[in-house]
file work_5.tsv (TSV, C-alpha atoms)
chain	number	residue	atom	x	y	z
A	1	MET	CA	0.00	0.00	0.00
A	2	MET	CA	1.31	3.44	-0.88
A	3	GLU	CA	2.15	5.75	1.98
A	4	GLY	CA	-0.82	7.97	2.78
A	5	THR	CA	-3.51	5.55	1.59
A	6	ALA	CA	-4.19	4.07	5.02
A	7	GLY	CA	-7.86	4.50	5.76
A	8	VAL	CA	-8.71	5.01	2.07
A	9	SER	CA	-11.30	2.46	1.04
A	10	GLY	CA	-14.26	2.13	-1.27
A	11	ARG	CA	-15.27	0.96	-4.74
A	12	ARG	CA	-14.21	2.50	-8.03
A	13	VAL	CA	-17.59	1.61	-9.56
A	14	ALA	CA	-20.78	2.58	-7.74
A	15	ASP	CA	-23.04	-0.20	-6.46
A	16	GLU	CA	-26.45	1.11	-7.44
A	17	SER	CA	-28.39	-1.69	-5.78
A	18	MET	CA	-27.16	-0.96	-2.25
A	19	LEU	CA	-28.94	2.40	-2.13
A	20	ASP	CA	-32.28	0.57	-2.03
A	21	ASP	CA	-31.15	-1.53	0.94
A	22	PRO	CA	-31.72	0.60	4.07
A	23	ASP	CA	-29.61	-1.74	6.20
A	24	ALA	CA	-26.67	-1.44	3.81
A	25	VAL	CA	-27.07	2.33	3.73
A	26	ALA	CA	-27.00	2.48	7.54
A	27	SER	CA	-23.95	0.23	7.78
A	28	HIS	CA	-21.99	2.42	5.35
A	29	ASP	CA	-22.95	5.60	7.21
A	30	PRO	CA	-21.72	4.83	10.74
A	31	GLY	CA	-21.18	8.50	11.55
A	32	GLY	CA	-24.76	9.41	10.70
A	33	MET	CA	-24.25	11.99	7.93
A	34	LEU	CA	-27.72	11.26	6.56
A	35	ARG	CA	-29.22	11.88	9.97
A	36	PHE	CA	-27.29	15.12	10.45
A	37	THR	CA	-28.31	16.34	6.99
A	38	ALA	CA	-31.94	15.53	7.75
A	39	SER	CA	-31.72	17.85	10.77
A	40	ALA	CA	-31.47	20.96	8.56
A	41	GLY	CA	-35.00	22.14	9.40
A	42	ALA	CA	-34.36	21.66	13.10
A	43	GLN	CA	-31.11	23.62	12.74
A	44	VAL	CA	-33.03	26.59	11.37
A	45	ARG	CA	-35.43	26.58	14.32
A	46	GLU	CA	-32.79	26.05	16.99
A	47	SER	CA	-30.38	28.67	15.65
A	48	ALA	CA	-33.18	31.22	15.34
A	49	ALA	CA	-34.05	30.65	19.00
A	50	LEU	CA	-30.41	30.93	20.08
A	51	ALA	CA	-29.94	34.13	18.08
A	52	ALA	CA	-33.04	35.61	19.74
A	53	GLU	CA	-31.40	35.02	23.13
A	54	ALA	CA	-28.16	36.76	22.12
A	55	ASN	CA	-27.86	40.49	22.71
A	56	LEU	CA	-27.88	41.48	19.05
A	57	ALA	CA	-29.42	44.84	20.00
A	58	LEU	CA	-25.85	45.98	20.75
A	59	LEU	CA	-25.33	46.13	17.00
A	60	GLU	CA	-27.96	48.82	16.55
A	61	ASP	CA	-26.36	51.39	18.82
A	62	GLU	CA	-24.04	52.78	16.17
A	63	GLY	CA	-26.48	52.55	13.27
A	64	ARG	CA	-25.86	51.15	9.82
A	65	PRO	CA	-22.24	50.08	9.16
A	66	ARG	CA	-20.11	51.08	6.20
A	67	ALA	CA	-19.59	47.41	5.27
A	68	VAL	CA	-20.08	43.92	6.69
A	69	VAL	CA	-17.33	41.30	6.53
A	70	ILE	CA	-18.23	37.64	7.12
A	71	ALA	CA	-15.06	35.83	8.16
A	72	GLY	CA	-14.80	32.05	7.97
A	73	ILE	CA	-13.65	29.20	5.81
A	74	GLY	CA	-15.36	26.18	4.27
A	75	THR	CA	-19.02	25.93	5.22
A	76	ALA	CA	-18.63	28.92	7.57
A	77	GLY	CA	-17.42	30.94	4.58
A	78	ARG	CA	-20.48	29.92	2.57
A	79	THR	CA	-22.66	31.76	5.11
A	80	GLY	CA	-21.29	35.01	3.72
A	81	ASP	CA	-22.30	33.99	0.21
A	82	VAL	CA	-25.79	33.17	1.46
A	83	LEU	CA	-26.12	36.53	3.18
A	84	ALA	CA	-24.94	38.41	0.09
A	85	THR	CA	-27.39	36.67	-2.21
A	86	VAL	CA	-30.39	36.79	0.16
A	87	ALA	CA	-29.74	40.49	0.82
A	88	GLY	CA	-29.63	40.98	-2.94
A	89	PRO	CA	-28.48	43.93	-5.05
A	90	ARG	CA	-30.59	46.37	-3.02
A	91	CYS	CA	-28.55	45.77	0.13
A	92	PRO	CA	-27.54	49.27	1.31
A	93	VAL	CA	-23.94	48.30	2.22
A	94	PRO	CA	-21.33	45.90	0.80
A	95	VAL	CA	-21.43	42.33	2.16
A	96	ILE	CA	-17.97	40.79	1.81
A	97	PRO	CA	-17.15	37.13	2.52
A	98	HIS	CA	-13.53	36.83	3.74
A	99	ARG	CA	-11.82	33.43	3.78
A	100	SER	CA	-8.32	34.15	5.06
A	101	ALA	CA	-6.90	35.05	8.45
A	102	GLY	CA	-7.38	38.58	9.75
A	103	VAL	CA	-9.60	41.12	8.02
A	104	PRO	CA	-9.19	43.37	4.96
A	105	GLY	CA	-6.87	46.31	5.58
A	106	TRP	CA	-9.62	48.92	5.29
A	107	VAL	CA	-11.78	47.49	8.13
A	108	GLY	CA	-12.22	49.94	10.97
A	109	ALA	CA	-14.65	51.35	13.50
A	110	ALA	CA	-17.31	52.04	10.86
A	111	ASP	CA	-17.60	48.36	9.92
A	112	VAL	CA	-19.05	45.10	11.27
A	113	VAL	CA	-17.21	41.78	11.28
A	114	ILE	CA	-19.17	38.54	11.69
A	115	ALA	CA	-16.75	35.73	12.60
A	116	VAL	CA	-18.12	32.22	11.97
A	117	SER	CA	-16.64	28.85	12.96
A	118	ALA	CA	-18.53	25.65	13.70
A	119	SER	CA	-15.75	24.47	16.02
A	120	GLY	CA	-15.07	27.93	17.43
A	121	ARG	CA	-11.36	27.49	16.82
A	122	SER	CA	-10.65	28.00	13.10
A	123	PRO	CA	-7.64	30.32	12.63
A	124	GLU	CA	-9.53	32.37	10.05
A	125	ALA	CA	-12.47	33.20	12.33
A	126	LEU	CA	-10.28	33.71	15.40
A	127	GLY	CA	-7.87	35.96	13.53
A	128	ALA	CA	-10.72	38.03	12.14
A	129	ALA	CA	-12.37	38.40	15.54
A	130	GLU	CA	-9.10	39.50	17.17
A	131	ALA	CA	-8.38	41.95	14.36
A	132	ALA	CA	-11.89	43.41	14.52
A	133	HIS	CA	-11.51	43.97	18.26
A	134	ARG	CA	-8.13	45.68	17.83
A	135	ARG	CA	-9.45	47.99	15.13
A	136	GLY	CA	-12.60	48.94	16.98
A	137	ALA	CA	-15.00	47.34	14.49
A	138	ARG	CA	-18.26	45.96	15.77
A	139	LEU	CA	-18.02	42.18	16.15
A	140	VAL	CA	-20.51	39.31	16.10
A	141	ALA	CA	-19.25	35.77	16.68
A	142	VAL	CA	-21.03	32.53	15.75
A	143	GLY	CA	-19.69	29.14	16.81
A	144	ALA	CA	-19.45	26.36	19.33
A	145	PRO	CA	-20.18	27.30	22.94
A	146	ASP	CA	-17.28	27.42	25.44
A	147	SER	CA	-14.82	27.81	22.57
A	148	GLN	CA	-11.88	30.10	21.85
A	149	LEU	CA	-14.16	32.18	19.64
A	150	GLN	CA	-16.55	32.76	22.51
A	151	SER	CA	-13.62	33.89	24.67
A	152	VAL	CA	-12.58	36.45	22.07
A	153	ALA	CA	-16.17	37.73	21.82
A	154	GLU	CA	-16.40	38.07	25.59
A	155	ARG	CA	-13.15	40.06	25.73
A	156	ALA	CA	-14.51	42.34	23.04
A	157	ARG	CA	-17.89	42.54	24.80
A	158	ALA	CA	-19.45	41.48	21.52
A	159	PRO	CA	-22.57	39.38	20.86
A	160	PHE	CA	-21.87	35.65	20.66
A	161	ILE	CA	-24.41	33.18	19.24
A	162	PRO	CA	-23.66	29.64	20.43
A	163	VAL	CA	-24.20	26.89	17.86
A	164	PRO	CA	-24.06	23.44	19.52
A	165	ARG	CA	-21.54	21.23	17.71
A	166	ARG	CA	-23.62	18.17	16.88
A	167	ALA	CA	-22.42	17.50	13.34
A	168	PRO	CA	-19.47	18.16	11.05
A	169	ALA	CA	-19.34	21.73	9.76
A	170	ARG	CA	-20.42	20.73	6.25
A	171	ALA	CA	-23.64	19.26	7.72
A	172	SER	CA	-24.23	22.41	9.80
A	173	LEU	CA	-24.80	24.98	7.06
A	174	TRP	CA	-28.19	26.10	8.36
A	175	ALA	CA	-27.12	26.21	12.00
A	176	LEU	CA	-24.36	28.64	11.01
A	177	THR	CA	-26.30	30.62	8.39
A	178	VAL	CA	-29.39	31.62	10.37
A	179	PRO	CA	-27.46	33.57	13.07
A	180	VAL	CA	-25.57	35.45	10.33
A	181	LEU	CA	-28.84	36.38	8.63
A	182	LEU	CA	-30.44	37.51	11.88
A	183	ALA	CA	-27.43	39.62	12.81
A	184	ALA	CA	-27.66	41.26	9.38
A	185	ARG	CA	-31.38	41.79	9.89
A	186	THR	CA	-30.65	43.65	13.12
A	187	LEU	CA	-28.38	45.95	11.10
A	188	GLY	CA	-31.19	46.59	8.61
A	189	LEU	CA	-29.42	44.85	5.73
A	190	VAL	CA	-31.73	41.95	4.94
A	191	LYS	CA	-35.44	41.23	5.17
A	192	VAL	CA	-35.89	37.82	6.77
A	193	ASN	CA	-38.96	37.45	8.95
A	194	GLU	CA	-40.17	34.66	11.20
A	195	ALA	CA	-42.50	33.35	8.50
A	196	ASP	CA	-39.57	33.04	6.07
A	197	LEU	CA	-37.62	31.02	8.64
A	198	ALA	CA	-40.61	28.80	9.44
A	199	GLU	CA	-41.31	28.12	5.75
A	200	THR	CA	-37.63	27.42	5.06
A	201	ALA	CA	-37.50	24.94	7.95
A	202	ALA	CA	-40.68	23.26	6.71
A	203	ARG	CA	-39.22	23.02	3.20
A	204	LEU	CA	-36.06	21.38	4.56
A	205	ASP	CA	-38.16	18.95	6.61
A	206	ALA	CA	-40.22	18.00	3.56
A	207	ASP	CA	-37.14	17.45	1.40
A	208	ALA	CA	-35.54	15.36	4.13
A	209	ASP	CA	-38.62	13.15	4.12
A	210	ARG	CA	-38.53	12.79	0.31
A	211	CYS	CA	-34.83	11.88	0.48
A	212	ARG	CA	-35.03	9.44	3.42
A	213	SER	CA	-33.04	6.23	3.15
A	214	THR	CA	-36.17	4.04	3.11
A	215	ALA	CA	-37.53	5.77	-0.03
A	216	GLU	CA	-36.54	3.78	-3.12
A	217	SER	CA	-34.50	5.32	-5.90
A	218	PHE	CA	-37.37	5.80	-8.34
A	219	VAL	CA	-39.22	8.07	-5.87
A	220	ASN	CA	-36.19	9.51	-4.04
A	221	PRO	CA	-34.84	12.55	-5.94
A	222	ALA	CA	-31.50	12.48	-4.12
A	223	LYS	CA	-30.84	8.82	-4.90
A	224	SER	CA	-31.84	9.39	-8.53
A	225	LEU	CA	-29.48	12.36	-8.80
A	226	ALA	CA	-26.65	10.41	-7.16
A	227	LEU	CA	-27.04	7.45	-9.53
A	228	GLY	CA	-27.09	9.78	-12.52
A	229	LEU	CA	-23.81	11.33	-11.39
A	230	ALA	CA	-22.08	8.02	-10.65
A	231	GLY	CA	-18.91	7.61	-12.68
A	232	SER	CA	-19.21	11.04	-14.30
A	233	ILE	CA	-17.45	14.38	-14.07
A	234	PRO	CA	-20.18	16.65	-12.67
A	235	ILE	CA	-20.65	20.21	-13.88
A	236	VAL	CA	-23.00	22.21	-11.67
A	237	TRP	CA	-24.17	25.60	-12.89
A	238	GLY	CA	-26.60	28.03	-11.27
A	239	SER	CA	-28.89	30.15	-13.42
A	240	SER	CA	-28.97	33.12	-10.98
A	241	PRO	CA	-26.79	34.48	-8.16
A	242	LEU	CA	-28.92	32.59	-5.64
A	243	ALA	CA	-28.73	29.35	-7.64
A	244	THR	CA	-24.98	29.83	-8.04
A	245	VAL	CA	-24.54	29.79	-4.25
A	246	ALA	CA	-26.38	26.45	-4.23
A	247	ALA	CA	-24.21	25.19	-7.11
A	248	ARG	CA	-21.01	25.98	-5.23
A	249	ARG	CA	-22.43	24.36	-2.12
A	250	PHE	CA	-23.09	21.19	-4.16
A	251	GLY	CA	-19.49	21.31	-5.34
A	252	ASP	CA	-18.34	21.45	-1.71
A	253	THR	CA	-20.39	18.41	-0.68
A	254	LEU	CA	-19.60	16.35	-3.79
A	255	SER	CA	-15.89	16.85	-3.13
A	256	ALA	CA	-15.96	16.25	0.62
A	257	ASN	CA	-18.60	13.52	0.89
A	258	ALA	CA	-18.28	11.65	-2.40
A	259	ARG	CA	-14.69	12.65	-3.32
A	260	TYR	CA	-15.75	13.64	-6.84
A	261	PRO	CA	-14.03	16.35	-8.88
A	262	VAL	CA	-16.60	18.93	-9.90
A	263	VAL	CA	-16.84	22.15	-11.89
A	264	THR	CA	-19.21	24.74	-10.42
A	265	GLY	CA	-20.17	28.32	-11.10
A	266	ALA	CA	-22.62	30.77	-12.59
A	267	LEU	CA	-24.26	30.05	-15.90
A	268	GLY	CA	-23.45	33.58	-17.03
A	269	GLU	CA	-19.75	32.98	-16.47
A	270	ALA	CA	-20.00	29.58	-18.15
A	271	GLY	CA	-21.34	31.25	-21.28
A	272	ARG	CA	-18.07	33.18	-21.56
A	273	GLY	CA	-15.97	30.04	-21.99
A	274	ARG	CA	-16.69	27.09	-19.73
A	275	VAL	CA	-19.72	26.03	-21.75
A	276	GLY	CA	-17.07	24.80	-24.19
A	277	LEU	CA	-16.67	21.79	-21.90
A	278	LEU	CA	-19.78	20.39	-23.56
A	279	ASP	CA	-17.77	20.11	-26.80
A	280	GLY	CA	-14.72	18.53	-25.19
A	281	VAL	CA	-13.16	15.12	-24.71
A	282	PHE	CA	-15.52	14.27	-21.84
A	283	GLY	CA	-18.54	15.84	-23.54
A	284	GLY	CA	-19.60	15.90	-27.17
A	285	LEU	CA	-16.46	14.15	-28.46
A	286	VAL	CA	-16.95	11.04	-26.35
A	287	GLU	CA	-20.72	10.99	-26.89
A	288	SER	CA	-20.29	11.20	-30.67
A	289	THR	CA	-18.13	8.05	-30.72
A	290	ARG	CA	-20.57	5.93	-28.71
A	291	ASP	CA	-22.00	3.03	-30.71
A	292	ILE	CA	-25.46	2.25	-29.39
A	293	PHE	CA	-25.50	-0.98	-31.45
A	294	ALA	CA	-22.17	-2.30	-30.18
A	295	ASP	CA	-22.04	-5.75	-28.58
A	296	SER	CA	-21.73	-5.04	-24.84
A	297	ALA	CA	-19.44	-8.06	-24.41
A	298	GLU	CA	-16.96	-6.69	-26.93
A	299	ALA	CA	-17.34	-3.00	-26.19
A	300	GLU	CA	-14.50	-1.02	-24.68
A	301	PRO	CA	-14.83	0.11	-21.05
A	302	ASP	CA	-17.36	2.90	-20.72
A	303	PRO	CA	-15.45	6.21	-20.85
A	304	THR	CA	-15.88	8.91	-18.25
A	305	ARG	CA	-18.45	11.47	-19.34
A	306	LEU	CA	-19.69	14.84	-18.22
A	307	ARG	CA	-22.96	15.08	-16.32
A	308	LEU	CA	-24.55	18.51	-16.20
A	309	VAL	CA	-26.60	19.59	-13.18
A	310	LEU	CA	-28.48	22.81	-13.76
A	311	LEU	CA	-29.92	24.64	-10.76
A	312	ARG	CA	-32.66	26.95	-12.01
A	313	ASP	CA	-34.19	29.84	-10.13
A	314	GLY	CA	-37.01	31.67	-11.85
A	315	GLY	CA	-36.83	34.46	-9.27
A	316	LEU	CA	-39.54	36.03	-7.16
A	317	ASN	CA	-40.20	39.39	-8.74
A	318	ALA	CA	-39.34	40.30	-12.29
A	319	ASP	CA	-39.37	43.99	-11.35
A	320	ASP	CA	-36.59	43.68	-8.79
A	321	ASP	CA	-33.43	45.67	-9.44
A	322	THR	CA	-31.46	42.50	-10.12
A	323	ASP	CA	-28.07	42.21	-11.77
A	324	GLU	CA	-29.70	40.77	-14.89
A	325	PRO	CA	-33.32	40.56	-16.05
A	326	LEU	CA	-34.89	37.23	-15.18
A	327	ALA	CA	-35.79	36.70	-18.83
A	328	VAL	CA	-32.08	36.71	-19.71
A	329	GLU	CA	-31.30	34.13	-17.02
A	330	GLU	CA	-34.17	31.91	-18.16
A	331	ARG	CA	-33.17	32.07	-21.84
A	332	ARG	CA	-29.58	31.25	-20.92
A	333	ALA	CA	-30.70	28.22	-18.91
A	334	ASP	CA	-32.90	27.02	-21.78
A	335	ALA	CA	-29.98	27.47	-24.17
A	336	VAL	CA	-27.52	25.38	-22.14
A	337	GLN	CA	-30.08	22.59	-21.79
A	338	THR	CA	-30.48	22.59	-25.58
A	339	LEU	CA	-26.70	22.58	-26.09
A	340	ALA	CA	-26.32	19.59	-23.76
A	341	GLU	CA	-29.13	17.72	-25.51
A	342	ARG	CA	-27.59	18.31	-28.95
A	343	ARG	CA	-24.27	16.91	-27.79
A	344	GLY	CA	-25.72	13.92	-25.95
A	345	VAL	CA	-24.58	15.23	-22.54
A	346	ARG	CA	-27.08	14.21	-19.90
A	347	CYS	CA	-28.55	17.00	-17.81
A	348	ASP	CA	-30.34	17.00	-14.46
A	349	VAL	CA	-32.39	20.05	-13.49
A	350	VAL	CA	-33.31	21.15	-9.96
A	351	THR	CA	-35.82	24.01	-9.92
A	352	ALA	CA	-36.22	26.42	-7.01
A	353	GLU	CA	-39.51	26.58	-5.15
A	354	GLY	CA	-40.75	28.82	-2.35
A	355	GLY	CA	-42.05	32.25	-1.50
A	356	SER	CA	-38.85	33.84	-0.18
A	357	ALA	CA	-35.23	33.94	-1.30
A	358	LEU	CA	-34.19	31.87	1.71
A	359	GLU	CA	-36.75	29.14	1.08
A	360	ARG	CA	-35.85	29.02	-2.61
A	361	LEU	CA	-32.19	28.63	-1.72
A	362	ALA	CA	-33.07	25.81	0.67
A	363	SER	CA	-35.02	24.06	-2.09
A	364	LEU	CA	-31.90	24.09	-4.30
A	365	ILE	CA	-29.55	22.87	-1.56
A	366	ALA	CA	-31.48	20.10	0.23
A	367	VAL	CA	-31.71	17.40	-2.45
A	368	PRO	CA	-28.11	17.88	-3.69
A	369	ASP	CA	-26.86	17.65	-0.08
A	370	PHE	CA	-28.45	14.21	0.24
A	371	ALA	CA	-27.31	13.21	-3.25
A	372	SER	CA	-23.66	13.79	-2.34
A	373	ILE	CA	-24.04	11.40	0.60
A	374	TYR	CA	-25.82	8.70	-1.40
A	375	LEU	CA	-23.13	8.92	-4.07
A	376	ALA	CA	-20.48	8.36	-1.40
A	377	LEU	CA	-22.37	5.37	0.00
A	378	ALA	CA	-22.78	3.81	-3.45
A	379	HIS	CA	-18.98	3.86	-3.74
A	380	GLY	CA	-18.55	2.31	-0.29
A	381	LEU	CA	-17.18	5.55	1.15
A	382	ASP	CA	-17.93	6.78	4.66
A	383	PRO	CA	-19.08	10.37	4.02
A	384	MET	CA	-18.17	11.36	7.57
A	385	ALA	CA	-14.53	10.25	7.54
A	386	VAL	CA	-12.28	11.99	5.01
A	387	PRO	CA	-8.74	10.66	5.57
A	388	ALA	CA	-7.10	13.27	3.34
A	389	VAL	CA	-8.60	16.11	5.38
A	390	THR	CA	-7.36	14.60	8.64
A	391	GLU	CA	-3.91	13.94	7.18
A	392	MET	CA	-3.64	17.46	5.75
A	393	LYS	CA	-4.45	18.96	9.13
A	394	GLU	CA	-1.81	16.79	10.79
A	395	LEU	CA	0.83	17.74	8.22
A	396	SER	CA	-0.06	21.43	8.34
A	397	ASN	CA	0.06	21.60	12.12
A	398	GLN	CA	3.42	19.89	12.61

call {"tool": "encode", "arguments": {"input": "work_5.tsv", "output": "structure tokens"}}
result
Amino acid sequence: MMEGTAGVSGRRVADESMLDDPDAVASHDPGGMLRFTASAGAQVRESAALAAEANLALLEDEGRPRAVVIAGIGTAGRTGDVLATVAGPRCPVPVIPHRSAGVPGWVGAADVVIAVSASGRSPEALGAAEAAHRRGARLVAVGAPDSQLQSVAERARAPFIPVPRRAPARASLWALTVPVLLAARTLGLVKVNEADLAETAARLDADADRCRSTAESFVNPAKSLALGLAGSIPIVWGSSPLATVAARRFGDTLSANARYPVVTGALGEAGRGRVGLLDGVFGGLVESTRDIFADSAEAEPDPTRLRLVLLRDGGLNADDDTDEPLAVEERRADAVQTLAERRGVRCDVVTAEGGSALERLASLIAVPDFASIYLALAHGLDPMAVPAVTEMKELSNQ
């Protein structure tokens, strides 16, 4: 065995049949990633209650900030993307996700820094919180209770929202996101009311039920999506800024849970060059050489192909002052589906549903979250344990 492969196990080819065996699914998920992912609705409710108990009113004393920086990495960093897209182009101040240690050089007393870390000890969040305190910026901290991050917040006399650490960070997106949104609401930057939170939680509950392990593949959208992606190179594009956040989230979970390489991004950006992937050696070129009449016994091994996942968001209000008219986004999405069809590249579509931006985002994230886990399980991978992550941390901290 090569050095560094200890703990690496699984199957190169996905076992599609095991996904319809609940006992096999449970045995391959000893850490309970499916269970943690199914708790997304409960995370929304619990985090909203915890944020209500925090003294966020302190943020209002100095009025609207010049800018808001959301400091964190990984899933914690995604909370900044969620805030920016839910706040939308009408947000009165810049919302800036920051994924490295410290804070941008211009941050000062006129700004707010929201430091986010599921463990409460990530260097990026801790460094940002310390820097915000030194520079006199208003600080909000979100993370595990009784952590280093809470200690920094207490020294700075800043609001701290405790998020109980019950799951890995990547399965705690909603527990981390809701406090960030509610802090921003206190600052007057985003409109998220209690009904929006309740409907988002209900949507996540409903999708968790649809994607439960006992639901067979032909009625389980997450299992169907996972089986469609098996053995492919996934390309995940979002039709709008909100859908693009969901696309990048799917890229995160496909990489971490299923260990798949994935291309993600905005459909508008893809149209400036990356859509050319559909013509390439994993796209149209390989599809054009496929012989549907070939004898399966004599055929060459099935080549790796692209699989397109398109996350579509029709938007809520065509009159909003959005970056692009919704009609443009919709035509672009229709066009890429047609391009894929012409080249024989298979395409899965997930369409947003819901009455608020937050609920629509949840509807684009929930099923793909489960799909990334089912894809891991089909390959015999434990989605909880990622040996390369553990080994990288050990090597980096020597």

call {"tool": "closest_residue", "arguments": {"input": "work_5.tsv", "among": "A:Ile73, A:Met392, A:Leu375, A:Leu361", "to": "Leu242 (chain A)", "atoms": "all atoms listed in the file"}}
result
A:Leu361

call {"tool": "atom_distance", "arguments": {"input": "work_5.tsv", "atom1": "CA of Ile96 (chain A)", "atom2": "CA of Leu59 (chain A)"}}
result
17.7 Å

call {"tool": "closest_residue", "arguments": {"input": "work_5.tsv", "among": "A:Glu324, A:Asp382, A:Asp348, A:Glu130", "to": "Val152 (chain A)", "atoms": "only C-alpha atoms"}}
result
A:Glu130

call {"tool": "closest_residue", "arguments": {"input": "work_5.tsv", "among": "A:Arg155, A:Arg307, A:Arg166, A:Arg138", "to": "Met33 (chain A)", "atoms": "all atoms listed in the file"}}
result
A:Arg166

call {"tool": "residues_around", "arguments": {"input": "work_5.tsv", "residues": "Val69 (chain A)", "least_positions_apart": "2", "cutoff": "7 Å", "atoms": "all atoms listed in the file", "output": "list in words"}}
result
Ala67, Ala71, Val95, Ile96, Pro97, His98, Val112, Val113 and Ile114 of chain A

call {"tool": "closest_residue", "arguments": {"input": "work_5.tsv", "among": "A:Gly354, A:Pro221, A:Pro383, A:Gly143", "to": "Arg121 (chain A)", "atoms": "all atoms listed in the file"}}
result
A:Gly143

call {"tool": "atom_distance", "arguments": {"input": "work_5.tsv", "atom1": "CA of Ala49 (chain A)", "atom2": "CA of Ala184 (chain A)"}}
result
15.7 Å

call {"tool": "closest_residue", "arguments": {"input": "work_5.tsv", "among": "A:Ala109, A:Ala51, A:Ala38, A:Leu229", "to": "Ala141 (chain A)", "atoms": "all atoms listed in the file"}}
result
A:Ala51

call {"tool": "closest_residue", "arguments": {"input": "work_5.tsv", "among": "A:Ala371, A:Gly108, A:Phe160, A:Asp29", "to": "Ser224 (chain A)", "atoms": "only C-alpha atoms"}}
result
A:Ala371

call {"tool": "residues_around", "arguments": {"input": "work_5.tsv", "residues": "Val68 (chain A)", "least_positions_apart": "2", "cutoff": "12 Å", "atoms": "all atoms listed in the file", "output": "PyMOL selection string"}}
result
chain A and resi 59+64-66+70-71+80+83-84+87+91-98+103-104+106-115+132+137-140+180-181+183-185+187-190

call {"tool": "residues_near_point", "arguments": {"input": "work_5.tsv", "point": "(-23.4, 24.8, 22.1)", "cutoff": "12 Å", "atoms": "all atoms listed in the file", "output": "list in words"}}
result
Glu46, Ser47, Leu50, Ala118, Ser119, Gly120, Val142, Gly143, Ala144, Pro145, Asp146, Ser147, Gln150, Phe160, Ile161, Pro162, Val163, Pro164, Arg165, Arg166, Ala167, Ala175 and Leu176 of chain A

call {"tool": "atom_distance", "arguments": {"input": "work_5.tsv", "atom1": "CA of Ala26 (chain A)", "atom2": "CA of Cys347 (chain A)"}}
result
29.3 Å

call {"tool": "residues_around", "arguments": {"input": "work_5.tsv", "residues": "Arg346 (chain A)", "least_positions_apart": "6", "cutoff": "8 Å", "atoms": "all atoms listed in the file", "output": "list in words"}}
result
Leu306, Arg307, Leu308 and Ala340 of chain A
